[in-house]
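Enquirer: As input, take start_3.cif (mmCIF, C-alpha atoms):
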data_protein
#
loop_
_atom_site.label_atom_id
_atom_site.label_comp_id
_atom_site.auth_asym_id
_atom_site.auth_seq_id
_atom_site.Cartn_x
_atom_site.Cartn_y
_atom_site.Cartn_z
CA MET Y 1489 -16.65 -19.80 6.94
CA LYS Y 1490 -12.91 -19.31 7.41
CA ILE Y 1491 -12.08 -15.84 6.13
CA GLY Y 1492 -8.64 -14.29 5.83
CA LEU Y 1493 -8.09 -10.53 5.72
CA GLN Y 1494 -4.91 -8.70 4.73
CA THR Y 1495 -4.07 -5.02 4.86
CA TRP Y 1496 -1.07 -2.72 4.74
CA GLY Y 1497 -0.26 0.91 5.48
CA SER Y 1498 -1.09 3.44 8.18
CA GLU Y 1499 -3.51 3.05 11.06
CA GLY Y 1500 -6.21 4.44 8.77
CA ASP Y 1501 -5.67 1.51 6.40
CA ILE Y 1502 -5.65 -1.06 9.19
CA GLN Y 1503 -8.36 0.04 11.61
CA PRO Y 1504 -11.23 -0.61 9.15
CA PHE Y 1505 -9.99 -4.18 8.70
CA ILE Y 1506 -9.91 -4.66 12.48
CA THR Y 1507 -13.50 -3.40 12.66
CA LEU Y 1508 -14.54 -5.69 9.80
CA ALA Y 1509 -12.73 -8.63 11.37
CA GLY Y 1510 -14.69 -8.05 14.56
CA GLY Y 1511 -17.93 -7.90 12.59
CA LEU Y 1512 -17.17 -11.17 10.79
CA VAL Y 1513 -16.36 -12.86 14.10
CA ARG Y 1514 -19.68 -11.69 15.57
CA ALA Y 1515 -21.39 -13.16 12.51
CA GLY Y 1516 -19.90 -16.56 13.35
CA HIS Y 1517 -16.88 -16.74 11.05
CA GLU Y 1518 -13.34 -17.81 11.89
CA VAL Y 1519 -11.15 -14.86 11.00
CA THR Y 1520 -7.42 -14.29 10.50
CA LEU Y 1521 -6.09 -10.78 9.87
CA VAL Y 1522 -2.63 -10.23 8.36
CA VAL Y 1523 -1.31 -6.74 9.11
CA THR Y 1524 1.69 -4.79 7.81
CA ASP Y 1525 1.81 -1.48 9.68
CA ASN Y 1526 4.19 1.10 8.26
CA ILE Y 1527 5.57 2.01 11.68
CA GLY Y 1528 4.97 -1.27 13.52
CA ARG Y 1529 1.96 -0.39 15.70
CA ASP Y 1530 0.73 -3.24 17.92
CA TYR Y 1531 -2.82 -4.51 17.32
CA SER Y 1532 -2.64 -7.66 19.46
CA GLY Y 1533 -4.91 -6.18 22.14
CA GLN Y 1534 -7.70 -5.55 19.66
CA ALA Y 1535 -7.27 -9.02 18.14
CA LYS Y 1536 -7.66 -10.58 21.57
CA LYS Y 1537 -10.65 -8.42 22.43
CA PHE Y 1538 -12.54 -9.07 19.19
CA GLY Y 1539 -11.60 -12.75 18.82
CA PHE Y 1540 -9.67 -12.97 15.57
CA ASN Y 1541 -6.24 -14.37 14.80
CA LEU Y 1542 -3.58 -11.76 14.12
CA VAL Y 1543 -0.50 -12.21 11.92
CA GLU Y 1544 1.97 -9.33 11.78
CA VAL Y 1545 4.27 -9.01 8.77
CA THR Y 1546 7.02 -6.45 9.26
CA ASN Y 1547 9.60 -4.79 7.04
CA PRO Y 1548 12.65 -7.09 7.14
CA ASP Y 1549 14.95 -4.10 6.63
CA ASN Y 1550 13.69 -2.46 9.88
CA PRO Y 1551 14.85 1.07 8.88
CA PRO Y 1552 16.01 3.38 11.71
CA ALA Y 1553 13.81 6.24 12.89
CA GLU Y 1554 16.12 8.83 11.31
CA PHE Y 1555 15.65 7.23 7.88
CA VAL Y 1556 11.85 7.09 8.33
CA GLU Y 1557 11.75 10.80 9.19
CA LYS Y 1558 13.91 11.64 6.15
CA VAL Y 1559 11.62 9.69 3.83
CA TRP Y 1560 8.52 11.20 5.44
CA ARG Y 1561 9.78 14.72 4.87
CA GLU Y 1562 10.65 13.86 1.27
CA ILE Y 1563 7.13 12.56 0.64
CA ILE Y 1564 5.55 15.69 2.16
CA GLU Y 1565 7.87 17.97 0.18
CA VAL Y 1566 6.96 16.35 -3.17
CA GLY Y 1567 3.35 17.45 -2.71
CA ASN Y 1568 1.84 15.77 -5.79
CA PRO Y 1569 -0.32 12.75 -4.76
CA ILE Y 1570 0.73 10.60 -7.72
CA LYS Y 1571 4.43 11.19 -7.14
CA GLN Y 1572 3.90 10.62 -3.43
CA SER Y 1573 2.37 7.23 -4.22
CA GLU Y 1574 5.52 6.26 -6.09
CA LEU Y 1575 7.68 7.18 -3.10
CA ILE Y 1576 5.37 5.35 -0.71
CA LEU Y 1577 5.70 2.22 -2.84
CA LYS Y 1578 9.47 2.57 -3.10
CA TYR Y 1579 10.10 3.00 0.61
CA GLY Y 1580 7.06 1.49 2.31
CA PHE Y 1581 5.71 -1.28 0.09
CA ASP Y 1582 8.49 -2.72 -2.08
CA PRO Y 1583 10.81 -3.72 0.82
CA VAL Y 1584 8.08 -5.85 2.43
CA MET Y 1585 6.30 -7.09 -0.71
CA GLU Y 1586 7.87 -10.55 -0.72
CA ALA Y 1587 7.06 -11.13 2.95
CA MET Y 1588 3.48 -9.99 2.35
CA TYR Y 1589 3.22 -12.35 -0.62
CA VAL Y 1590 4.36 -15.32 1.48
CA ALA Y 1591 1.71 -14.41 4.08
CA ALA Y 1592 -0.90 -13.96 1.34
CA LYS Y 1593 -0.24 -17.43 -0.10
CA ASN Y 1594 -0.62 -18.98 3.34
CA LEU Y 1595 -3.80 -16.98 3.94
CA CYS Y 1596 -5.31 -18.30 0.70
CA ILE Y 1597 -4.36 -21.90 1.47
CA THR Y 1598 -5.82 -21.87 4.98
CA ASN Y 1599 -9.08 -19.97 4.35
CA ASP Y 1600 -12.26 -20.37 2.30
CA ALA Y 1601 -12.10 -16.76 1.09
CA VAL Y 1602 -9.93 -13.68 1.50
CA VAL Y 1603 -10.56 -9.95 1.80
CA GLY Y 1604 -7.80 -7.49 0.94
CA HIS Y 1605 -6.84 -3.84 0.84
CA PHE Y 1606 -7.06 -2.69 -2.78
CA PHE Y 1607 -3.31 -1.86 -2.86
CA LEU Y 1608 -2.36 -5.45 -2.01
CA TYR Y 1609 -1.65 -6.97 -5.40
CA PRO Y 1610 0.33 -9.82 -3.74
CA LEU Y 1611 -2.94 -11.07 -2.20
CA LYS Y 1612 -4.72 -10.70 -5.55
CA VAL Y 1613 -2.02 -12.81 -7.23
CA ALA Y 1614 -2.05 -15.42 -4.44
CA ALA Y 1615 -5.85 -15.71 -4.64
CA GLU Y 1616 -5.78 -16.11 -8.41
CA LYS Y 1617 -3.06 -18.75 -8.22
CA SER Y 1618 -4.91 -20.77 -5.58
CA GLY Y 1619 -8.43 -20.22 -6.89
CA THR Y 1620 -9.49 -18.62 -3.61
CA PRO Y 1621 -12.45 -16.18 -3.81
CA ILE Y 1622 -11.33 -12.64 -3.05
CA VAL Y 1623 -13.08 -9.44 -2.03
CA THR Y 1624 -11.27 -6.10 -2.37
CA ILE Y 1625 -11.76 -3.05 -0.18
CA ASN Y 1626 -11.33 0.52 -1.40
CA VAL Y 1627 -10.90 2.99 1.44
CA VAL Y 1628 -11.66 5.97 -0.81
CA HIS Y 1629 -14.02 6.45 -3.74
CA ASN Y 1630 -11.66 8.17 -6.18
CA CYS Y 1631 -9.73 5.05 -7.18
CA LEU Y 1632 -12.53 3.78 -9.43
CA PRO Y 1633 -13.02 5.65 -12.72
CA SER Y 1634 -16.37 7.41 -13.06
CA SER Y 1635 -17.84 10.29 -14.98
CA GLU Y 1636 -19.34 11.44 -11.67
CA VAL Y 1637 -16.17 11.47 -9.52
CA SER Y 1638 -13.23 13.86 -9.82
CA PRO Y 1639 -10.01 11.98 -10.74
CA PRO Y 1640 -7.35 11.92 -8.00
CA GLY Y 1641 -4.35 14.20 -8.05
CA LEU Y 1642 -5.96 16.76 -10.35
CA PRO Y 1643 -7.93 19.93 -9.58
CA ASP Y 1644 -11.69 19.61 -9.93
CA ILE Y 1645 -12.37 22.08 -12.74
CA GLY Y 1646 -15.70 20.59 -13.78
CA ARG Y 1647 -17.25 17.38 -15.04
CA TRP Y 1648 -16.45 18.28 -18.63
CA PHE Y 1649 -12.79 17.52 -17.75
CA TYR Y 1650 -13.37 14.20 -15.96
CA PRO Y 1651 -12.97 11.86 -19.00
CA LEU Y 1652 -9.63 13.38 -19.97
CA GLY Y 1653 -8.59 13.62 -16.32
CA TRP Y 1654 -9.28 9.94 -15.71
CA LYS Y 1655 -7.33 9.02 -18.84
CA LEU Y 1656 -4.33 10.98 -17.57
CA VAL Y 1657 -4.55 9.56 -14.05
CA ARG Y 1658 -4.93 5.97 -15.21
CA THR Y 1659 -1.88 6.40 -17.44
CA MET Y 1660 0.20 7.69 -14.51
CA VAL Y 1661 -1.06 5.02 -12.09
CA ASN Y 1662 -0.35 2.27 -14.62
CA ARG Y 1663 3.15 3.61 -15.18
CA ILE Y 1664 3.90 3.40 -11.46
CA PHE Y 1665 2.11 0.20 -10.48
CA LEU Y 1666 1.92 -2.10 -13.51
CA PRO Y 1667 5.66 -2.91 -13.72
CA ARG Y 1668 5.55 -4.09 -10.09
CA ILE Y 1669 2.26 -5.96 -10.44
CA ASN Y 1670 3.12 -7.67 -13.71
CA ALA Y 1671 6.61 -8.66 -12.56
CA LEU Y 1672 4.95 -10.80 -9.87
CA ARG Y 1673 2.21 -12.04 -12.19
CA LYS Y 1674 4.75 -13.06 -14.84
CA ARG Y 1675 6.86 -14.83 -12.22
CA GLU Y 1676 3.78 -16.77 -11.13
CA GLY Y 1677 2.74 -17.66 -14.69
CA LEU Y 1678 -0.29 -15.34 -14.84
CA THR Y 1679 -1.31 -13.08 -17.70
CA PRO Y 1680 -0.35 -9.44 -17.16
CA ASP Y 1681 -2.91 -6.87 -16.01
CA LYS Y 1682 -3.59 -4.03 -18.41
CA ASP Y 1683 -5.19 -1.49 -16.07
CA VAL Y 1684 -4.56 -1.11 -12.35
CA MET Y 1685 -7.71 0.66 -11.24
CA THR Y 1686 -10.23 -1.56 -13.03
CA GLN Y 1687 -8.36 -4.88 -12.76
CA THR Y 1688 -5.82 -5.05 -9.94
CA TRP Y 1689 -7.60 -2.82 -7.46
CA ALA Y 1690 -11.06 -4.37 -7.82
CA SER Y 1691 -12.14 -7.97 -7.38
CA LYS Y 1692 -14.31 -9.45 -10.12
CA THR Y 1693 -16.63 -10.79 -7.43
CA LEU Y 1694 -17.07 -7.95 -4.93
CA ASN Y 1695 -15.35 -4.64 -4.35
CA LEU Y 1696 -16.42 -2.82 -1.19
CA VAL Y 1697 -16.10 0.96 -1.03
CA ILE Y 1698 -16.05 1.70 2.69
CA VAL Y 1699 -17.44 5.23 2.41
CA SER Y 1700 -20.77 6.54 3.62
CA PRO Y 1701 -23.42 6.77 0.87
CA SER Y 1702 -24.11 10.22 2.32
CA ILE Y 1703 -20.71 11.22 0.96
CA CYS Y 1704 -20.56 8.96 -2.08
CA PRO Y 1705 -23.86 7.90 -3.64
CA THR Y 1706 -23.08 4.99 -5.97
CA PRO Y 1707 -22.17 6.44 -9.40
CA LYS Y 1708 -24.50 5.23 -12.16
CA ASP Y 1709 -21.59 4.09 -14.35
CA TRP Y 1710 -20.01 1.75 -11.79
CA ASP Y 1711 -20.25 -1.99 -12.35
CA THR Y 1712 -22.51 -3.91 -9.92
CA LYS Y 1713 -19.45 -5.54 -8.32
CA HIS Y 1714 -18.70 -2.16 -6.72
CA ASN Y 1715 -20.74 -1.61 -3.55
CA VAL Y 1716 -20.68 1.50 -1.35
CA CYS Y 1717 -21.25 -0.25 1.96
CA GLY Y 1718 -20.67 2.68 4.32
CA PHE Y 1719 -18.10 3.75 6.87
CA LEU Y 1720 -16.70 0.83 8.90
CA ASN Y 1721 -17.34 2.54 12.20
CA PRO Y 1722 -16.79 0.32 15.25
CA PRO Y 1723 -19.87 -0.21 17.43
CA GLU Y 1724 -19.88 1.21 20.94
CA ASP Y 1725 -18.88 -2.10 22.53
CA GLN Y 1726 -15.76 -2.25 20.36
CA ALA Y 1727 -14.32 1.07 21.50
CA THR Y 1728 -10.65 0.68 22.37
CA ASP Y 1729 -9.82 4.22 23.51
CA GLU Y 1730 -10.92 5.75 26.80
CA PRO Y 1731 -11.02 9.53 27.42
CA PRO Y 1732 -7.81 10.57 29.20
CA LYS Y 1733 -8.25 11.68 32.79
CA GLY Y 1734 -9.37 15.30 33.00
CA LEU Y 1735 -10.44 15.65 29.35
CA GLU Y 1736 -14.18 15.65 29.99
CA GLU Y 1737 -13.73 18.24 32.75
CA PHE Y 1738 -11.65 20.43 30.42
CA ILE Y 1739 -14.32 20.29 27.71
CA ALA Y 1740 -17.08 21.17 30.19
CA ALA Y 1741 -15.13 24.12 31.62
CA GLY Y 1742 -15.63 26.46 28.65
CA ASP Y 1743 -16.65 26.89 25.04
CA PRO Y 1744 -16.34 23.81 22.80
CA PRO Y 1745 -12.66 23.42 21.89
CA VAL Y 1746 -11.04 22.94 18.49
CA TYR Y 1747 -9.64 19.41 18.13
CA PHE Y 1748 -6.23 19.24 16.41
CA THR Y 1749 -4.93 15.92 15.10
CA PHE Y 1750 -2.74 14.80 12.22
CA GLY Y 1751 -3.50 11.18 13.09
CA SER Y 1752 -1.12 8.63 11.60
CA MET Y 1753 0.64 11.41 9.69
CA MET Y 1754 2.33 12.57 12.88
CA LEU Y 1755 5.68 10.83 13.25
CA HIS Y 1756 6.57 9.52 16.70
CA ASP Y 1757 9.52 11.89 16.69
CA LEU Y 1758 10.01 14.66 19.24
CA ASN Y 1759 11.26 17.28 16.77
CA TYR Y 1760 8.59 16.51 14.18
CA ILE Y 1761 5.80 16.68 16.76
CA GLN Y 1762 7.18 19.94 18.17
CA GLU Y 1763 7.12 21.51 14.70
CA ALA Y 1764 3.43 20.71 14.31
CA LEU Y 1765 2.63 21.79 17.87
CA ASP Y 1766 4.29 25.18 17.31
CA ILE Y 1767 2.06 25.77 14.27
CA TRP Y 1768 -1.03 24.67 16.17
CA ALA Y 1769 -0.21 26.84 19.20
CA GLU Y 1770 0.36 29.99 17.15
CA THR Y 1771 -2.80 29.25 15.14
CA LEU Y 1772 -4.75 28.98 18.37
CA ARG Y 1773 -3.49 32.34 19.55
CA LYS Y 1774 -4.70 33.89 16.30
CA VAL Y 1775 -8.22 32.41 16.55
CA GLY Y 1776 -8.59 32.88 20.32
CA ARG Y 1777 -10.07 29.48 21.12
CA ARG Y 1778 -9.48 26.56 23.45
CA ALA Y 1779 -8.16 23.36 21.95
CA ILE Y 1780 -7.32 19.69 22.32
CA PHE Y 1781 -3.95 18.70 20.83
CA GLN Y 1782 -3.46 15.04 19.93
CA LEU Y 1783 0.26 14.25 20.21
CA PRO Y 1784 1.59 10.68 19.76
CA TYR Y 1785 4.27 10.81 22.43
CA ASP Y 1786 4.63 8.89 25.69
CA ASP Y 1787 5.57 11.87 27.87
CA LEU Y 1788 3.29 14.76 27.02
CA SER Y 1789 4.82 16.89 29.77
CA VAL Y 1790 7.78 17.68 27.50
CA PHE Y 1791 5.48 19.85 25.38
CA LYS Y 1792 4.76 23.25 26.90
CA THR Y 1793 1.31 24.69 26.17
CA ASP Y 1794 -1.04 27.33 27.54
CA ASP Y 1795 -3.84 26.54 29.98
CA ASN Y 1796 -6.35 26.71 27.11
CA VAL Y 1797 -4.86 23.51 25.60
CA PHE Y 1798 -5.46 19.92 26.74
CA LYS Y 1799 -2.93 17.38 25.41
CA VAL Y 1800 -3.86 13.78 24.63
CA GLN Y 1801 -2.05 10.84 23.08
CA ARG Y 1802 -5.35 9.44 21.84
CA SER Y 1803 -9.03 9.90 22.56
CA PRO Y 1804 -12.26 8.20 21.43
CA TYR Y 1805 -13.34 10.27 18.43
CA LYS Y 1806 -16.92 8.98 18.63
CA THR Y 1807 -17.53 10.57 22.04
CA ILE Y 1808 -15.10 13.52 21.98
CA PHE Y 1809 -15.55 14.99 18.47
CA PRO Y 1810 -19.26 15.87 19.01
CA LYS Y 1811 -18.23 18.01 22.00
CA CYS Y 1812 -15.82 20.12 19.93
CA SER Y 1813 -16.49 23.15 17.75
CA LEU Y 1814 -14.56 21.82 14.76
CA ILE Y 1815 -11.92 19.26 13.86
CA VAL Y 1816 -8.56 20.16 12.31
CA HIS Y 1817 -7.18 16.96 10.79
CA HIS Y 1818 -5.08 15.43 8.04
CA GLY Y 1819 -7.92 14.20 5.85
CA GLY Y 1820 -7.46 10.48 6.39
CA ALA Y 1821 -10.47 8.40 5.38
CA GLY Y 1822 -11.27 7.31 8.93
CA THR Y 1823 -10.80 10.67 10.64
CA THR Y 1824 -12.70 12.45 7.88
CA GLN Y 1825 -15.73 10.20 8.20
CA SER Y 1826 -15.51 10.27 12.01
CA SER Y 1827 -15.66 14.07 11.90
CA ILE Y 1828 -18.76 14.07 9.69
CA LEU Y 1829 -20.41 11.32 11.74
CA SER Y 1830 -19.90 13.48 14.83
CA GLY Y 1831 -21.75 16.32 13.12
CA ARG Y 1832 -18.81 18.69 13.32
CA PRO Y 1833 -17.21 20.75 10.51
CA SER Y 1834 -13.54 20.40 9.57
CA VAL Y 1835 -10.40 22.02 8.33
CA VAL Y 1836 -8.23 19.54 6.46
CA VAL Y 1837 -4.44 19.83 6.36
CA ALA Y 1838 -3.64 17.34 3.60
CA HIS Y 1839 -0.27 15.61 3.80
CA MET Y 1840 -0.38 13.08 0.97
CA ALA Y 1841 -2.30 10.86 -1.45
CA ASP Y 1842 -6.10 10.74 -1.03
CA GLN Y 1843 -6.13 13.37 1.73
CA PHE Y 1844 -6.25 16.17 -0.85
CA PHE Y 1845 -9.35 14.52 -2.32
CA TRP Y 1846 -11.01 14.17 1.09
CA GLY Y 1847 -10.42 17.86 1.73
CA ALA Y 1848 -12.05 18.71 -1.59
CA GLU Y 1849 -14.97 16.38 -0.79
CA LEU Y 1850 -15.64 18.09 2.55
CA GLU Y 1851 -15.55 21.47 0.84
CA ARG Y 1852 -17.96 20.15 -1.82
CA LEU Y 1853 -20.33 19.03 0.94
CA GLY Y 1854 -20.08 22.47 2.54
CA VAL Y 1855 -18.76 21.18 5.85
CA ALA Y 1856 -15.15 22.41 5.81
CA GLY Y 1857 -13.04 25.49 5.45
CA ARG Y 1858 -10.45 25.81 2.72
CA THR Y 1859 -8.13 22.81 2.63
CA GLN Y 1860 -4.52 23.51 3.59
CA THR Y 1861 -1.44 21.44 2.78
CA ARG Y 1862 1.19 20.26 5.22
CA LYS Y 1863 3.84 21.46 2.80
CA GLY Y 1864 4.18 25.18 3.44
CA LEU Y 1865 1.64 25.23 6.28
CA THR Y 1866 1.73 28.40 8.38
CA PRO Y 1867 -0.32 29.55 11.39
CA GLU Y 1868 -1.70 32.37 9.24
CA LYS Y 1869 -3.07 29.99 6.59
CA LEU Y 1870 -4.49 27.57 9.12
CA ALA Y 1871 -6.07 30.30 11.23
CA LYS Y 1872 -7.76 31.76 8.15
CA SER Y 1873 -9.44 28.42 7.35
CA ILE Y 1874 -10.52 27.94 10.97
CA LYS Y 1875 -12.01 31.44 11.14
CA GLN Y 1876 -13.86 30.70 7.91
CA VAL Y 1877 -15.60 27.77 9.62
CA LEU Y 1878 -16.26 29.58 12.90
CA ALA Y 1879 -17.83 32.50 11.03
CA ASN Y 1880 -20.16 30.21 9.05
CA PRO Y 1881 -22.73 28.46 11.27
CA ASP Y 1882 -24.29 26.87 8.18
CA MET Y 1883 -21.26 24.57 7.95
CA SER Y 1884 -22.03 23.19 11.38
CA LYS Y 1885 -25.70 22.76 10.45
CA ARG Y 1886 -24.82 20.85 7.28
CA ALA Y 1887 -22.29 18.68 9.12
CA LYS Y 1888 -24.88 17.88 11.79
CA ALA Y 1889 -27.50 16.96 9.18
CA ILE Y 1890 -25.13 14.58 7.37
CA GLY Y 1891 -24.01 13.12 10.69
CA VAL Y 1892 -27.62 12.29 11.60
CA VAL Y 1893 -28.03 10.35 8.34
CA MET Y 1894 -24.67 8.58 8.76
CA ALA Y 1895 -25.59 7.50 12.28
CA LYS Y 1896 -28.44 5.44 10.81
CA GLU Y 1897 -26.06 3.53 8.53
CA ASN Y 1898 -24.30 0.34 9.54
CA GLY Y 1899 -21.31 -0.15 7.26
CA VAL Y 1900 -19.97 -3.17 9.14
CA ASP Y 1901 -23.20 -5.17 8.98
CA THR Y 1902 -23.68 -4.20 5.33
CA ALA Y 1903 -20.13 -5.30 4.47
CA VAL Y 1904 -20.55 -8.63 6.30
CA ARG Y 1905 -23.86 -9.28 4.56
CA LEU Y 1906 -22.40 -8.53 1.12
CA ILE Y 1907 -19.37 -10.76 1.76
CA GLU Y 1908 -21.59 -13.63 2.90
CA THR Y 1909 -23.98 -13.20 -0.02
CA ARG Y 1910 -21.36 -12.97 -2.77
CA LEU Y 1911 -19.06 -15.70 -1.45
CA ASN Y 1912 -21.65 -18.36 -0.58
#
Using structure tokens, write down the structure from this file.

Expert:
Amino acid sequence: MKIGLQTWGSEGDIQPFITLAGGLVRAGHEVTLVVTDNIGRDYSGQAKKFGFNLVEVTNPDNPPAEFVEKVWREIIEVGNPIKQSELILKYGFDPVMEAMYVAAKNLCITNDAVVGHFFLYPLKVAAEKSGTPIVTINVVHNCLPSSEVSPPGLPDIGRWFYPLGWKLVRTMVNRIFLPRINALRKREGLTPDKDVMTQTWASKTLNLVIVSPSICPTPKDWDTKHNVCGFLNPPEDQATDEPPKGLEEFIAAGDPPVYFTFGSMMLHDLNYIQEALDIWAETLRKVGRRAIFQLPYDDLSVFKTDDNVFKVQRSPYKTIFPKCSLIVHHGGAGTTQSSILSGRPSVVVAHMADQFFWGAELERLGVAGRTQTRKGLTPEKLAKSIKQVLANPDMSKRAKAIGVVMAKENGVDTAVRLIETRLN
């Protein structure tokens, strides 16, 4: 089968599609992946390695780095996930929507079926117009209403509140998204959608929730089109990152270090990175541990750190996380599930959107200290959460137990099988 995939957003939104594309290729399908990365990361090497066609759709406005940093700080400062979503759409999605729609129409014309990120309403419209079967992918399990899942953007004060909470959230989401979605649908002669979460964000045929069942057992009130297929974790032979020289020796030279990363939330900006590093360094002094700092900068020598810190641009989470004492991260879907899969506890520093929910989920599972927020983050707050984890060995035991179960899952193969079954 010829299958087209399309995704948009940060590396955490794109990497699962790369993994799935590789899985579909191994299953014998001809695959094209259309990518819109919010800061223009290059995925051509992975496309070549895994054997799929790559199409990159970029923001035609090409905003300067100074503007990107300004917008980023504005999004962080807002704090509220729903309001952050509106800003992300305004600055990150709207300017490239038309280009993504052109790519989506071509993807539908040239493929037997398409698979899209749940945010990508242009692909949903293009598939409906062309009659092309479509599968949607949800990267988090709080974008589908359920009496068993806490609604996003609201505090979890008990299941008694969930029905009212979901009603409030759906109203806010519809207010933000429906005018955009229905403007395109009306232009293309389609009937307007009435509800984003249950219509736009979920295919009628198959909606894959790429979360481990260990974290999200399928809620009893979800329709059968929703399938929790598991974390799309790349197999060993698809690893693209190698441990930096000296990292393994550093880890072996002392107690297991704390791994610090804000993943795709860390701007490739010297001043922005230095701000985060200063907080991390002072936090480390307060907890008295060794650490690995992940810093997305070409010349790591510009950052001065103590001997108890090893700096990396990237590292293979699958092999490095299990050798650490805990993971301090931003709460992205991929990093969160990688941390649990490694059997290590976490401290989440949520920056935006679903990251607050992931922090709450890890706390619910008993594998994380108190979630912190990037807005107003201080070394004192972060150190307190880290000490909470280090003083509670049961968190590590629970994380290890869940990791053992997750290791037996195969989200990629499950997703491929479901796609083949539902689309044939």

Enquirer: Have a look at Y:Ile1808, Y:Leu1666, Y:Val1797, Y:Val1523 and name the one nearest to Pro1731 in chain Y; count only C-alpha atoms.

Expert: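 Using only C-alpha atoms, the shortest distance to Pro1731 in chain Y belongs to Y:Ile1808.
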
Enquirer: List, as a list in words, every residue that the PyMOL selection byres ((chain Y and resi 1886) around 12) selects in the file provided.

Expert: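 With the PyMOL selection byres ((chain Y and resi 1886) around 12) on this model, the match is Ser1702, Ile1828, Leu1829, Ser1830, Gly1831, Arg1832, Pro1833, Ser1834, Leu1850, Glu1851, Arg1852, Leu1853, Gly1854, Val1855, Ala1856, Val1877, Asn1880, Pro1881, Asp1882, Met1883, Ser1884, Lys1885, Ala1887, Lys1888, Ala1889, Ile1890, Gly1891, Val1892 and Val1893 of chain Y.
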
Enquirer: Go ahead and write the selection's residues with C-alpha atoms as a compact mmCIF listing (two decimals), in the coordinates of the input.

Expert:
# COMPACT_ATOMS: atom_id res chain seq x y z
CA SER Y 1702 -24.11 10.22 2.32
CA ILE Y 1828 -18.76 14.07 9.69
CA LEU Y 1829 -20.41 11.32 11.74
CA SER Y 1830 -19.90 13.48 14.83
CA GLY Y 1831 -21.75 16.32 13.12
CA ARG Y 1832 -18.81 18.69 13.32
CA PRO Y 1833 -17.21 20.75 10.51
CA SER Y 1834 -13.54 20.40 9.57
CA LEU Y 1850 -15.64 18.09 2.55
CA GLU Y 1851 -15.55 21.47 0.84
CA ARG Y 1852 -17.96 20.15 -1.82
CA LEU Y 1853 -20.33 19.03 0.94
CA GLY Y 1854 -20.08 22.47 2.54
CA VAL Y 1855 -18.76 21.18 5.85
CA ALA Y 1856 -15.15 22.41 5.81
CA VAL Y 1877 -15.60 27.77 9.62
CA ASN Y 1880 -20.16 30.21 9.05
CA PRO Y 1881 -22.73 28.46 11.27
CA ASP Y 1882 -24.29 26.87 8.18
CA MET Y 1883 -21.26 24.57 7.95
CA SER Y 1884 -22.03 23.19 11.38
CA LYS Y 1885 -25.70 22.76 10.45
CA ALA Y 1887 -22.29 18.68 9.12
CA LYS Y 1888 -24.88 17.88 11.79
CA ALA Y 1889 -27.50 16.96 9.18
CA ILE Y 1890 -25.13 14.58 7.37
CA GLY Y 1891 -24.01 13.12 10.69
CA VAL Y 1892 -27.62 12.29 11.60
CA VAL Y 1893 -28.03 10.35 8.34

Enquirer: For the structure shown, which residues end up in the PyMOL selection byres ((chain Y and resi 1795) around 12)? Put them as a list in words, please?

Expert: Phe1738, Ala1741, Gly1742, Ala1769, Leu1772, Arg1773, Arg1777, Arg1778, Ala1779, Ile1780, Lys1792, Thr1793, Asp1794, Asn1796, Val1797, Phe1798 and Lys1799 of chain Y

Enquirer: Quick one, how far is CA of Asn1550 in chain Y from CA of Lys1612 in chain Y?

Expert: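 A separation of 25.4 Å between them.
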
Enquirer: Apply the PyMOL selection byres ((chain Y and resi 1641) around 9) to the displayed file and report the matching residues as number ranges by chain.

Expert: Y: 1568-1570, 1639-1640, 1642-1643, 1657, 1841-1842, 1844-1845

Enquirer: Could you dump the residues just selected with C-alpha atoms as a PDB file, keeping the file's coordinate frame?

Expert:
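And here's out.pdb as it stands now:
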ATOM      1  CA  ASN Y1568       1.840  15.770  -5.790  1.00  0.00           C
ATOM      2  CA  PRO Y1569      -0.320  12.750  -4.760  1.00  0.00           C
ATOM      3  CA  ILE Y1570       0.730  10.600  -7.720  1.00  0.00           C
ATOM      4  CA  PRO Y1639     -10.010  11.980 -10.740  1.00  0.00           C
ATOM      5  CA  PRO Y1640      -7.350  11.920  -8.000  1.00  0.00           C
ATOM      6  CA  LEU Y1642      -5.960  16.760 -10.350  1.00  0.00           C
ATOM      7  CA  PRO Y1643      -7.930  19.930  -9.580  1.00  0.00           C
ATOM      8  CA  VAL Y1657      -4.550   9.560 -14.050  1.00  0.00           C
ATOM      9  CA  ALA Y1841      -2.300  10.860  -1.450  1.00  0.00           C
ATOM     10  CA  ASP Y1842      -6.100  10.740  -1.030  1.00  0.00           C
ATOM     11  CA  PHE Y1844      -6.250  16.170  -0.850  1.00  0.00           C
ATOM     12  CA  PHE Y1845      -9.350  14.520  -2.320  1.00  0.00           C
TER      13      PHE Y1845
END

Enquirer: Skipping near chain neighbours, those fewer than 5 positions away, what residues fall within 12 Å of Phe1791 in chain Y using all atoms listed in the file, listed as a list in words?

Expert: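 Near neighbours after the sequence-gap exclusion: Leu1758, Asn1759, Ile1761, Gln1762, Glu1763, Ala1764, Leu1765, Asp1766, Ala1769, Phe1781, Gln1782, Leu1783, Pro1784, Tyr1785, Asp1786, Val1797, Phe1798, Lys1799, Val1800 and Gln1801 of chain Y.
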
Enquirer: Lys1571 in chain Y: which residues within 10 Å, counting all atoms listed in the file, same-chain residues fewer than 5 positions away excluded, as a list in words?

Expert: Ile1563, Val1566, Ile1576, Gly1641, Met1660, Val1661, Ile1664, Met1840 and Ala1841 of chain Y

Enquirer: Box for range 1499-1504 of chain Y: with edges along x, y and z, all listed atoms inside and 4 Å added on each side, what are the centre and edge lengths in Å to one decimal, as JSON?

Expert:
{"center_x": -7.4, "center_y": 1.7, "center_z": 9.0, "size_x": 15.7, "size_y": 13.5, "size_z": 13.2}
